[in-house]
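Undergrad: The structure under discussion is supplied below as structure tokens; questions concerning it will follow.
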Amino acid sequence: MELPFYLNFNDFERNYYDNLEKWFEEYHNTSETDYLNALAELYGPYVYYNFGDDMLKPDASIEVKDCFFPYHEKIGISFCIDCENGALPANGMNQVFEFKNISMMEYAQHILDKINKFCSKNAHTLDGTKNIQDYINNYTIITSMEGVGYCISYNRHQKAIPFLKAYLPYYGQTVNMAVYRDFLFSVVQIAEFIDQKLKTVHAFKQTIYARSKAEAKFNVQLSRQFLTLCN
């Protein structure tokens, strides 16, 4: 069952039991705990544990590759990794990239731009039988790259599909900033609702709070070990 992704708390809470009933209809040998764990997997990536406040906070971001061409003529040909005998590659310059975290709103707009660009070049793609939602996971569109810009990982993109299905319009050129702000205000409430339900069945270690805190502690320890090695 594909669980619906909600961008505001009221919709999530209002549809909780209806979706739970559908869950039981599809998965007979299951429990509400399994349903809650699935919800925790769905919404957990959009929050993080804050040590200072000892609470969850919104973190709707995704890592992408920001691809660009280095200025070889300025920094020296020695930095051209794929060059042979001091000559540039046949295509002129070798592209490089750096990892960058961007908001899910910016990511959604980037995907929307890709889809609209594809549709503008291909007649009948938005002819009434199909809309933008039908191209959210199109491999050719998602991984297309012209010149410089964000290089999208198709595998990482899969994790963003539920959010994009809920957020991207059926038609149009821009995303809705007001809806995104509502999501940022709501996602922690949704996470806390899920955690409260998990606590009632004594699944404390499975709460989004516990998972996020453990991940945060692990990242701190990893950073300290890295600094120790560097020193």
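Numbering starts fresh at 1 for the residues of each chain in the structure tokens, the chains themselves are lettered A, B, ... in the order given, and ligands are numbered from 1 as they appear.
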Pick out the residues sitting within 8 Å of Asn137 (chain A), and hand them over as a ChimeraX atom specification; count only C-alpha atoms, and ignore anything fewer than 5 positions along from it in its own chain.
TA: /A:142,158,161
Undergrad: Store the residues picked out above, limited to all heavy atoms, as a PDB file, in the first residue's frame.
TA:
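Output (out36.pdb):
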```pdb
ATOM      1  N   ILE A 142      14.183  13.102 -15.187  1.00  0.00           N
ATOM      2  CA  ILE A 142      14.826  13.357 -13.901  1.00  0.00           C
ATOM      3  C   ILE A 142      16.341  13.403 -14.020  1.00  0.00           C
ATOM      4  O   ILE A 142      17.006  14.229 -13.385  1.00  0.00           O
ATOM      5  CB  ILE A 142      14.407  12.291 -12.863  1.00  0.00           C
ATOM      6  CG1 ILE A 142      12.890  12.303 -12.667  1.00  0.00           C
ATOM      7  CG2 ILE A 142      15.125  12.513 -11.532  1.00  0.00           C
ATOM      8  CD1 ILE A 142      12.323  13.644 -12.312  1.00  0.00           C
ATOM      9  N   GLN A 158      14.016   8.728  -5.436  1.00  0.00           N
ATOM     10  CA  GLN A 158      12.905   7.854  -5.053  1.00  0.00           C
ATOM     11  C   GLN A 158      12.359   8.203  -3.669  1.00  0.00           C
ATOM     12  O   GLN A 158      11.160   8.088  -3.414  1.00  0.00           O
ATOM     13  CB  GLN A 158      13.349   6.384  -5.086  1.00  0.00           C
ATOM     14  CG  GLN A 158      13.829   5.895  -6.440  1.00  0.00           C
ATOM     15  CD  GLN A 158      12.875   6.238  -7.564  1.00  0.00           C
ATOM     16  OE1 GLN A 158      11.717   5.828  -7.556  1.00  0.00           O
ATOM     17  NE2 GLN A 158      13.348   6.988  -8.545  1.00  0.00           N
ATOM     18  N   ILE A 161       9.757  11.051  -3.776  1.00  0.00           N
ATOM     19  CA  ILE A 161       8.541  10.868  -4.564  1.00  0.00           C
ATOM     20  C   ILE A 161       7.262  11.150  -3.767  1.00  0.00           C
ATOM     21  O   ILE A 161       6.382  11.883  -4.239  1.00  0.00           O
ATOM     22  CB  ILE A 161       8.488   9.449  -5.174  1.00  0.00           C
ATOM     23  CG1 ILE A 161       9.601   9.286  -6.218  1.00  0.00           C
ATOM     24  CG2 ILE A 161       7.133   9.180  -5.810  1.00  0.00           C
ATOM     25  CD1 ILE A 161       9.468  10.204  -7.408  1.00  0.00           C
TER      26      ILE A 161
END
```
Undergrad: Determine which residues of region 74-196 of chain A receive a DSSP assignment of strand (DSSP E or B), computed from the backbone, and state them as a JSON list (two decimals) with C-alpha atoms, in the first residue's frame.
TA:
```
[["chain", "number", "residue", "atom", "x", "y", "z"],
["A", 84, "GLU", "CA", 46.36, 13.66, -21.10],
["A", 87, "ALA", "CA", 45.40, 18.59, -23.46],
["A", 96, "VAL", "CA", 33.11, 18.64, -11.74],
["A", 97, "PHE", "CA", 30.64, 18.86, -8.89],
["A", 98, "GLU", "CA", 30.19, 19.51, -5.21],
["A", 99, "PHE", "CA", 27.52, 18.17, -2.89],
["A", 100, "LYS", "CA", 24.97, 20.69, -1.73],
["A", 101, "ASN", "CA", 21.89, 20.59, 0.51],
["A", 102, "ILE", "CA", 18.85, 22.40, -0.86],
["A", 103, "SER", "CA", 15.33, 22.80, 0.51],
["A", 149, "GLY", "CA", 23.21, 22.81, -12.67],
["A", 150, "TYR", "CA", 21.94, 20.17, -10.29],
["A", 151, "CYS", "CA", 22.75, 16.57, -11.17]]
```
Undergrad: Looking at A:Leu36, A:Val64, A:Leu126, A:Val179, which one is nearest to Asp195 (chain A), with distances taken over only C-alpha atoms?
TA: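 Of A:Leu36, A:Val64, A:Leu126, A:Val179, the one nearest Asp195 (chain A), counting only C-alpha atoms, is A:Leu36.
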Undergrad: For Asn8 (chain A), work out the shell of residues within 10 Å, counting only C-alpha atoms and skipping chain neighbours fewer than 5 positions away, then give it as a list in words.
TA: Glu13, Val179, Tyr180, Arg181, Asp182, Phe183, Leu184, Phe185, Ser186, Val187, Gln189 and Ile190 of chain A
Undergrad: Find the residues near region 212-219 of chain A: any atom within 9 Å, counting only C-alpha atoms, skip ones fewer than 3 places away on the same chain, and give them as a list in words.
TA: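 Residues near the query, excluding close chain neighbours: Gly44, Pro45, Val47, Tyr48, Tyr49, Asn50, Phe51, Asp54, Met55, Leu56, Thr207, Ile208, Tyr209, Leu222, Ser223 and Arg224 of chain A.
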